[in-house]
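Undergrad: Below are the structure tokens for one structure; questions will follow.
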There are 2 protein chains.
Amino acid sequence: MSLNEQLWIDRCHQYSMIDGESGFQVNFAGMNFTEEQLQAVDRRIPAVHAEMQKIERGEIKNPDENRKVTHFTDRSAYTGGKEYSEIEDFVEKIRTGAITAGPGKKFEAAIINGIGGSALGPQLVQMAVNGPYWNEQTSEMRRGYLKIYFLDNTDTAGLEDVFRVCDPATTLVVNISKSGGTQETKNNMICCMEKYRAAGVDFASHACAITMSGSELDQLASRSGWLKSFEMADSIGGRTSVTSVVGHLPAALAGVDFKAFLSGACHMDGLTRSPILSRNPAYMLAAMWYIAGNGKGDRNMVIVPYSDRLILMSRYLQQLVMESLGKELDLDGKVVHQGLNVFGNKGGTDAHAFIQQLNDGRDDFFVTFIEILRDRSVSAITPGIAMGDYLHGFMVGLSNALRGKKRNVIEMRLDTVDEYNLGMLIALYERAVAAYAELIHINAFHQPGVQAYKLASKGVIKLLTTLENGLAELRGFSGTVSEFAAKLDLRDSEFELDGILAKLSANAELRDLPFRISREWNKDRGWIYSVC
Amino acid sequence: MSLNEQLWIDRCHQYSMIDGESGFQVNFAGMNFTEEQLQAVDRRIPAVHAEMQKIERGEIKNPDENRKVTHFTDRSAYTGGKEYSEIEDFVEKIRTGAITAGPGKKFEAAIINGIGGSALGPQLVQMAVNGPYWNEQTSEMRRGYLKIYFLDNTDTAGLEDVFRVCDPATTLVVNISKSGGTQETKNNMICCMEKYRAAGVDFASHACAITMSGSELDQLASRSGWLKSFEMADSIGGRTSVTSVVGHLPAALAGVDFKAFLSGACHMDGLTRSPILSRNPAYMLAAMWYIAGNGKGDRNMVIVPYSDRLILMSRYLQQLVMESLGKELDLDGKVVHQGLNVFGNKGGTDAHAFIQQLNDGRDDFFVTFIEILRDRSVSAITPGIAMGDYLHGFMVGLSNALRGKKRNVIEMRLDTVDEYNLGMLIALYERAVAAYAELIHINAFHQPGVQAYKLASKGVIKLLTTLENGLAELRGFSGTVSEFAAKLDLRDSEFELDGILAKLSANAELRDLPFRISREWNKDRGWIYSVC
């Protein structure tokens, strides 16, 4: 054997971690780190580990928000608790028709209304476990479980698309908002209520909530006599809520075995509670990110699962990683502008897309391949060679080619895509993110950057109200945006005014306002808006 | 008005481009460039423009492959050509049942079998025009057009998912491969044939092809008497093929108005043929990318369409941009390792996910917001405030917040998401990519980095064949991968062997091989494989 090949094999033996029980395996040998670099991280692991223990002991680990962080620990007790049985019981009654959508009407579908942390996790689980065409299967194929739709934005197109195929009479609406006041979710809820009203269907008997006890949403659900309001813990953040009630109800409604999912997550929690770097895949993952990106995220994390069912993994991790690690200040209040970019799609498809750049272009990334060993069918291509062999071959070939160009590669293997393995994968990344946050000394569990934008958005909505009052007085006026701004004494807000006028005139026919705005293009003066 | 506000408004006026005819608008004022930087790029625009003219004159612009690049020009003549009418005619016959799937059987669905450039464009168009639930609509709601499924990988899970809901008897299979030999597509085709055979359905009368004339696929289609084989031009690359026959057939089968799509693309081609930087949105876009990333892609391109229907835009652009611009060598053969990373999802959702990092974290990106002015329904939230106003408000709020932190922001506006506007958007980015490639002096139209991985993959498949022969002789042998490698005299390939043995043992029950492999975990020795 050549020396190079021998060194490579030795490195694979040294830096692979295998869990014989589950078949989970991760090989870090393709990352360009030295043993010295690894040892430097290793010396910091005791401190990292002590912080992980603080999390699990229930100490305050989100200091800004004065909150505990309980997603790692709550899930181990969850299936023994009251909420678990309540949801399983509720879903079984929905499935069997013990709870009906109305006299003689079985629930057929559920709309999951939630954004960000209340949507990406449930979407990932649904796609991974039930695949892209679950809703097209017959009720029998779905074993009586519900079709699942997501309202995960505040876009009228998304809303109309859902209601083009969902019949309110047989559809359950699950409203998820931890605070109970998330504006996007509230908007969709209001619009759902209107759809139900227009269809002559009672909303309350088709609605349930997941929210903190006593929140605006909880109060509404209780006041209006909704089917159920399930409680969400204050100490679980949206982006890590998929192993809590937020993940549970949507999953259970679609027949996902949530117990197996948690069992996988808890199994990985067991593996990642090791204080020893070389035995803890989450700490090793965090160490790799740290070394590859110089502790500053200088390399993008490219996530390439070789699995159609895991196509949402990169989107899920984009939220988990970037929202957790993209921070301006460290724990001492020092300006650090940290972060770690995540993107990806799926292999082998990506090899026909952006992988050209990974092979040849900027060396500014590390790629994580996630391979699934078990094929879903034999699918023979030639005697002895099956479709799954090709998928495997493409992954190994790409991995070899990338390493041949000194790119950084992590290879993961899972036995299959099911609840258990998905739970493991999510728990692994959750722990790696928490550990990495300690290495870079930031709070992984808050999201202060969201406040500035929320405030600015409120300003725009307030301006719209002001403007609507002003415009009603301006009937007959025509002019450019600047002229409107001057006329309305809103010159400081001309930029925002420009957007609002464009929006109002594009939707004039839809809107029920005491005035109408239209615009025409003038090649010398630009858009000329008219109020009538 | 404050001075800052005045400067900002002036900058918006100076660096916005508006097309009154279509309502397209782009505002570059939120990008942190100076007039001097822009002028430096401007001085290079005549040279860039001359190259664009060469493309459109049909000169060789893909020198490595000695090919013309005709996607900009072919589309203007396409709707007047024979292929356009042939496809429209074919689809109309499928839709009305003049071409049947068998006696008395109307085609109900189409499987689009293609990868990379043959999939991402059609997927983007389908989602944007027909939305996520097209397949769940009744045939009447679909006006007789077909349900659409994609096989865009070589994953047995994807294959089985499609055939769980598709009935071969009423399903058309569209096989797309320019070269006619793309392995992934070939694999899916072979497996489709087997599915049809098993269902007792004739494949040939349910199949058509899109490929270069005379290719392996073309020959197969003609030899086997498939319904049709449509010709794909040699001079159109996969990633820019969505405005050609590759985009046309899948779109037309789903009732997409392809003429309107091309009309939008051609309209944008008109706008982006201007030789003047300040009037050419594609050149301005390229200039922004160039300045923001120091001509080396130092900033990631974050694509955030405020539109559920445009959620695949970032994935599409990931391919278009990264495969085109991620190159090792420039046109003079100098090593440059160029590239431009692209990622994104959709707004306002992203504000509850990775936008935390954009606000607070690493300043290593520029974001492009794509706003859709027209709402799909009024969806009133409070009197005077509609759901669409919130979406708008969130976008402007985020834009203001980001600019407040000196982040780089481009804002685009489109009137609506329809064929015409989508065509414009795609044509804009195609031209911007071509122009940017000139600024960094690379060939945007080849993908040499894909070769290394293809070769390496073939090596793995070859090794599998060798191994299968060897293993048949090893019945009764047990050992670690290293021991197998030694026994089989394949020590140089232990890494690849490890993957193949894992794969074969995970799928032993599925496979029809003259031996069986299983593995057991041994805590001291690792995986122990056994052949029987």
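Residues are named by chain letter and number: chains run A, B, ... in the order of the structure tokens, numbers start at 1 in each chain, and ligands are numbered from 1 in the order shown.
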I want to know what sits within 7 Å of A:Lys228, based on only C-alpha atoms, with residues of the same chain fewer than 2 positions away left out; could you give that as a PyMOL selection string?
TA: chain A and resi 208-209+226+230
Undergrad: Mind the document's chain letters and residue numbers, and return as a PyMOL selection string the residues of stretch 53-185 of chain A that DSSP labels alpha helix (DSSP H).
TA: chain A and resi 53-57+71-78+82-96+120-130+156-165+183-185
Undergrad: Stretch 116-129 of chain A: which residues within 8 Å, counting only C-alpha atoms, same-chain residues fewer than 3 positions away excluded, as number ranges by chain?
TA: A: 112-113, 132, 150, 152, 176-177, 237-242, 246-247, 250-251, 254, 256, 309-310, 312-313, 315-316, 319, 417-419, 422; B: 349-353
Undergrad: Near A:Ile45, within 9 Å and counting only C-alpha atoms, which residues show up once chain neighbours fewer than 2 positions away are dropped, as a ChimeraX atom specification?
TA: /A:41-43,47-50,275-277,283,435,439
Undergrad: Just the residues within 10 Å of stretch 335-337 of chain B, please, counting only C-alpha atoms, with nothing from its chain fewer than 5 positions along; format it as a VMD selection string.
TA: (chain A and resid 357 to 363) or (chain B and resid 296 to 297 325 to 330 440 to 442)
Undergrad: Which one of B:Val162, B:Ile381, B:Val201, B:Met412 sits closest to A:Glu184 if you count only C-alpha atoms?
TA: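 Of B:Val162, B:Ile381, B:Val201, B:Met412, the one nearest A:Glu184, counting only C-alpha atoms, is B:Ile381.
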Undergrad: Considering only C-alpha atoms, return as a PDB file with N, CA, C and O atoms, in the first residue's frame whatever protein or nucleic-acid residues lie within 9 Å of stretch 385-390 of chain B, sequence-local ones (same chain, fewer than 3 positions apart) excluded.
TA:
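Everything below was put into out-v1.pdb:
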```
ATOM      1  N   THR A 154     -46.489  34.996   5.992  1.00  0.00           N
ATOM      2  CA  THR A 154     -47.711  35.804   6.013  1.00  0.00           C
ATOM      3  C   THR A 154     -47.970  36.294   4.596  1.00  0.00           C
ATOM      4  O   THR A 154     -48.072  37.473   4.319  1.00  0.00           O
ATOM      5  N   ASP A 155     -48.028  35.308   3.696  1.00  0.00           N
ATOM      6  CA  ASP A 155     -48.159  35.567   2.262  1.00  0.00           C
ATOM      7  C   ASP A 155     -49.548  35.092   1.811  1.00  0.00           C
ATOM      8  O   ASP A 155     -49.910  33.933   2.016  1.00  0.00           O
ATOM      9  N   THR A 156     -50.299  35.987   1.202  1.00  0.00           N
ATOM     10  CA  THR A 156     -51.649  35.619   0.748  1.00  0.00           C
ATOM     11  C   THR A 156     -51.609  34.479  -0.265  1.00  0.00           C
ATOM     12  O   THR A 156     -52.554  33.696  -0.347  1.00  0.00           O
ATOM     13  N   GLN A 183     -46.858  37.854  15.002  1.00  0.00           N
ATOM     14  CA  GLN A 183     -47.770  38.544  14.085  1.00  0.00           C
ATOM     15  C   GLN A 183     -48.126  37.701  12.857  1.00  0.00           C
ATOM     16  O   GLN A 183     -49.293  37.637  12.448  1.00  0.00           O
ATOM     17  N   GLU A 184     -47.138  37.039  12.250  1.00  0.00           N
ATOM     18  CA  GLU A 184     -47.408  36.260  11.036  1.00  0.00           C
ATOM     19  C   GLU A 184     -48.436  35.163  11.317  1.00  0.00           C
ATOM     20  O   GLU A 184     -49.346  34.926  10.525  1.00  0.00           O
ATOM     21  N   ASN A 187     -51.834  36.615  11.887  1.00  0.00           N
ATOM     22  CA  ASN A 187     -52.452  36.975  10.602  1.00  0.00           C
ATOM     23  C   ASN A 187     -53.086  35.761   9.944  1.00  0.00           C
ATOM     24  O   ASN A 187     -54.222  35.811   9.473  1.00  0.00           O
ATOM     25  N   ASN A 188     -52.334  34.671   9.886  1.00  0.00           N
ATOM     26  CA  ASN A 188     -52.886  33.467   9.247  1.00  0.00           C
ATOM     27  C   ASN A 188     -54.097  32.942  10.016  1.00  0.00           C
ATOM     28  O   ASN A 188     -55.058  32.464   9.420  1.00  0.00           O
ATOM     29  N   CYS A 191     -57.045  35.041   9.119  1.00  0.00           N
ATOM     30  CA  CYS A 191     -57.513  34.725   7.759  1.00  0.00           C
ATOM     31  C   CYS A 191     -58.171  33.340   7.711  1.00  0.00           C
ATOM     32  O   CYS A 191     -59.132  33.138   6.967  1.00  0.00           O
ATOM     33  N   SER A 457     -40.449  47.261  11.340  1.00  0.00           N
ATOM     34  CA  SER A 457     -41.637  46.808  10.626  1.00  0.00           C
ATOM     35  C   SER A 457     -42.888  47.457  11.203  1.00  0.00           C
ATOM     36  O   SER A 457     -43.779  47.883  10.466  1.00  0.00           O
ATOM     37  N   LYS A 458     -42.921  47.536  12.515  1.00  0.00           N
ATOM     38  CA  LYS A 458     -44.063  48.193  13.153  1.00  0.00           C
ATOM     39  C   LYS A 458     -44.171  49.637  12.686  1.00  0.00           C
ATOM     40  O   LYS A 458     -45.264  50.170  12.483  1.00  0.00           O
ATOM     41  N   VAL A 460     -43.399  50.775   9.790  1.00  0.00           N
ATOM     42  CA  VAL A 460     -43.978  50.804   8.439  1.00  0.00           C
ATOM     43  C   VAL A 460     -45.496  50.648   8.512  1.00  0.00           C
ATOM     44  O   VAL A 460     -46.241  51.357   7.823  1.00  0.00           O
ATOM     45  N   ILE A 461     -45.950  49.743   9.356  1.00  0.00           N
ATOM     46  CA  ILE A 461     -47.390  49.517   9.485  1.00  0.00           C
ATOM     47  C   ILE A 461     -48.065  50.771  10.073  1.00  0.00           C
ATOM     48  O   ILE A 461     -49.143  51.180   9.641  1.00  0.00           O
ATOM     49  N   LEU A 464     -48.378  53.283   7.414  1.00  0.00           N
ATOM     50  CA  LEU A 464     -49.483  52.939   6.514  1.00  0.00           C
ATOM     51  C   LEU A 464     -50.803  53.487   7.060  1.00  0.00           C
ATOM     52  O   LEU A 464     -51.611  54.062   6.309  1.00  0.00           O
ATOM     53  N   THR A 465     -51.005  53.334   8.343  1.00  0.00           N
ATOM     54  CA  THR A 465     -52.236  53.841   8.964  1.00  0.00           C
ATOM     55  C   THR A 465     -52.322  55.366   8.817  1.00  0.00           C
ATOM     56  O   THR A 465     -53.336  55.914   8.397  1.00  0.00           O
ATOM     57  N   ILE A 500     -45.120  51.782   0.079  1.00  0.00           N
ATOM     58  CA  ILE A 500     -46.542  51.668   0.424  1.00  0.00           C
ATOM     59  C   ILE A 500     -47.421  52.082  -0.751  1.00  0.00           C
ATOM     60  O   ILE A 500     -48.422  51.422  -1.061  1.00  0.00           O
ATOM     61  N   LYS A 503     -47.423  49.363  -3.301  1.00  0.00           N
ATOM     62  CA  LYS A 503     -48.209  48.225  -2.798  1.00  0.00           C
ATOM     63  C   LYS A 503     -49.713  48.536  -2.888  1.00  0.00           C
ATOM     64  O   LYS A 503     -50.493  47.713  -3.377  1.00  0.00           O
ATOM     65  N   LEU A 504     -50.111  49.708  -2.432  1.00  0.00           N
ATOM     66  CA  LEU A 504     -51.542  50.063  -2.445  1.00  0.00           C
ATOM     67  C   LEU A 504     -52.079  50.153  -3.871  1.00  0.00           C
ATOM     68  O   LEU A 504     -53.205  49.726  -4.142  1.00  0.00           O
ATOM     69  N   ARG A 511     -58.641  46.008  -2.438  1.00  0.00           N
ATOM     70  CA  ARG A 511     -58.762  46.643  -1.135  1.00  0.00           C
ATOM     71  C   ARG A 511     -60.056  47.420  -0.964  1.00  0.00           C
ATOM     72  O   ARG A 511     -60.543  48.050  -1.901  1.00  0.00           O
TER      73      ARG A 511
ATOM     74  N   LEU B 373     -45.506  42.738  -5.576  1.00  0.00           N
ATOM     75  CA  LEU B 373     -46.449  43.789  -5.175  1.00  0.00           C
ATOM     76  C   LEU B 373     -47.878  43.292  -5.013  1.00  0.00           C
ATOM     77  O   LEU B 373     -48.594  43.679  -4.105  1.00  0.00           O
ATOM     78  N   ARG B 374     -48.292  42.438  -5.918  1.00  0.00           N
ATOM     79  CA  ARG B 374     -49.705  42.088  -5.967  1.00  0.00           C
ATOM     80  C   ARG B 374     -50.039  40.965  -4.984  1.00  0.00           C
ATOM     81  O   ARG B 374     -49.428  39.902  -5.016  1.00  0.00           O
ATOM     82  N   ASP B 375     -51.003  41.195  -4.119  1.00  0.00           N
ATOM     83  CA  ASP B 375     -51.461  40.146  -3.202  1.00  0.00           C
ATOM     84  C   ASP B 375     -52.426  39.226  -3.928  1.00  0.00           C
ATOM     85  O   ASP B 375     -53.042  39.604  -4.916  1.00  0.00           O
ATOM     86  N   ARG B 376     -52.568  38.032  -3.420  1.00  0.00           N
ATOM     87  CA  ARG B 376     -53.486  37.080  -4.054  1.00  0.00           C
ATOM     88  C   ARG B 376     -54.916  37.226  -3.538  1.00  0.00           C
ATOM     89  O   ARG B 376     -55.871  36.795  -4.164  1.00  0.00           O
ATOM     90  N   SER B 377     -55.040  37.804  -2.358  1.00  0.00           N
ATOM     91  CA  SER B 377     -56.377  38.052  -1.814  1.00  0.00           C
ATOM     92  C   SER B 377     -56.260  39.198  -0.832  1.00  0.00           C
ATOM     93  O   SER B 377     -55.157  39.548  -0.406  1.00  0.00           O
ATOM     94  N   VAL B 378     -57.388  39.783  -0.465  1.00  0.00           N
ATOM     95  CA  VAL B 378     -57.306  40.947   0.403  1.00  0.00           C
ATOM     96  C   VAL B 378     -56.854  40.569   1.811  1.00  0.00           C
ATOM     97  O   VAL B 378     -55.988  41.192   2.381  1.00  0.00           O
ATOM     98  N   SER B 379     -57.432  39.501   2.372  1.00  0.00           N
ATOM     99  CA  SER B 379     -56.991  39.002   3.675  1.00  0.00           C
ATOM    100  C   SER B 379     -56.790  40.113   4.704  1.00  0.00           C
ATOM    101  O   SER B 379     -55.675  40.350   5.179  1.00  0.00           O
ATOM    102  N   ALA B 380     -57.894  40.772   5.022  1.00  0.00           N
ATOM    103  CA  ALA B 380     -57.836  41.885   5.971  1.00  0.00           C
ATOM    104  C   ALA B 380     -57.486  41.382   7.369  1.00  0.00           C
ATOM    105  O   ALA B 380     -58.017  40.382   7.830  1.00  0.00           O
ATOM    106  N   ILE B 381     -56.576  42.077   8.007  1.00  0.00           N
ATOM    107  CA  ILE B 381     -56.203  41.717   9.376  1.00  0.00           C
ATOM    108  C   ILE B 381     -56.916  42.648  10.355  1.00  0.00           C
ATOM    109  O   ILE B 381     -57.547  42.207  11.309  1.00  0.00           O
ATOM    110  N   THR B 382     -56.780  43.938  10.114  1.00  0.00           N
ATOM    111  CA  THR B 382     -57.562  44.926  10.853  1.00  0.00           C
ATOM    112  C   THR B 382     -58.102  45.889   9.789  1.00  0.00           C
ATOM    113  O   THR B 382     -57.639  45.841   8.646  1.00  0.00           O
ATOM    114  N   GLY B 393     -44.404  45.270   5.067  1.00  0.00           N
ATOM    115  CA  GLY B 393     -43.825  45.954   6.224  1.00  0.00           C
ATOM    116  C   GLY B 393     -42.643  45.195   6.816  1.00  0.00           C
ATOM    117  O   GLY B 393     -41.629  45.782   7.194  1.00  0.00           O
ATOM    118  N   PHE B 394     -42.770  43.878   6.864  1.00  0.00           N
ATOM    119  CA  PHE B 394     -41.656  43.071   7.383  1.00  0.00           C
ATOM    120  C   PHE B 394     -40.422  43.210   6.496  1.00  0.00           C
ATOM    121  O   PHE B 394     -39.300  43.274   6.974  1.00  0.00           O
ATOM    122  N   MET B 395     -40.656  43.255   5.185  1.00  0.00           N
ATOM    123  CA  MET B 395     -39.519  43.375   4.276  1.00  0.00           C
ATOM    124  C   MET B 395     -38.836  44.727   4.436  1.00  0.00           C
ATOM    125  O   MET B 395     -37.617  44.811   4.589  1.00  0.00           O
TER     126      MET B 395
END
```
Undergrad: I'd like to know which of B:Ala287, B:Leu497, B:Leu220, B:Ile87 is closest to chain A, using only C-alpha atoms.
TA: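 Answer, going by the shortest atom-to-atom distance: B:Leu497.
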Undergrad: List every residue of stretch 418-510 of chain B that has an atom at most 9 Å from any atom of stretch 68-80 of chain B, and for each one report the closest atom pair and its distance in Å to one decimal, counting only C-alpha atoms, with rows sorted by chain and then by increasing residue number, as CSV.
TA:
```
residue,atom,partner,partner_atom,distance
B:Ala427,CA,B:Phe72,CA,8.0
B:Glu430,CA,B:Phe72,CA,8.5
B:Arg431,CA,B:Phe72,CA,8.2
B:Phe445,CA,B:Val69,CA,7.7
```
Undergrad: Could you pull out the strand (DSSP E) residues of stretch 252-321 of chain A from DSSP and send them as an MDAnalysis selection string?
TA: chainID A and resid 300:306
Undergrad: Near B:Val321, counting only C-alpha atoms, which residues have an atom at most 8 Å away, once you skip same-chain residues fewer than 4 positions from it, shown as a list in words?
TA: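 Residues near the query, excluding close chain neighbours: Phe354 of chain A; Leu317, Leu325, Gly326, Leu340, Asn341, Val342 and Val433 of chain B.
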Undergrad: Just how far from atom CA of B:Tyr436 is atom CA of A:Lys523, in Å to one decimal?
TA: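 Computing the Euclidean distance for atom CA of A:Lys523 and atom CA of B:Tyr436 yields 28.8 Å.
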Undergrad: To one decimal place, how far is atom CA of B:Ile410 from atom CA of B:Thr368 in Å?
TA: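 We find that atom CA of B:Ile410 and atom CA of B:Thr368 lie 4.6 Å from each other.
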Undergrad: Taking only C-alpha atoms into account, name the residue in B:Phe261, B:Tyr145, B:Phe477, B:Phe495 that is nearest to chain A.
TA: B:Phe495
Undergrad: Go ahead and compute the interatomic distance for atom CA of B:His446 and atom CA of B:Asp234, in Å to one decimal.
TA: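 Separation between atom CA of B:His446 and atom CA of B:Asp234: 12.4 Å.
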Undergrad: Using only C-alpha atoms for the distances, tell me which of A:Gly479, A:Gly449, A:Pro103, A:Gly200 is nearest to chain B.
TA: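 Looking only at the distances to chain B, the closest residue turns out to be A:Gly449.
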Undergrad: Restricting the calculation to only C-alpha atoms, which member of B:Val304, B:Ile115, B:Ala29, B:Cys166 is positioned closest to chain A?
TA: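 For chain A, the nearest of the given residues is B:Ile115.
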Undergrad: Pick from A:Ser244, A:Ser16, A:Gln451, A:Gln356: nearest to chain B, with only C-alpha atoms counted?
TA: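 Using only C-alpha atoms, the shortest distance to chain B belongs to A:Gln356.
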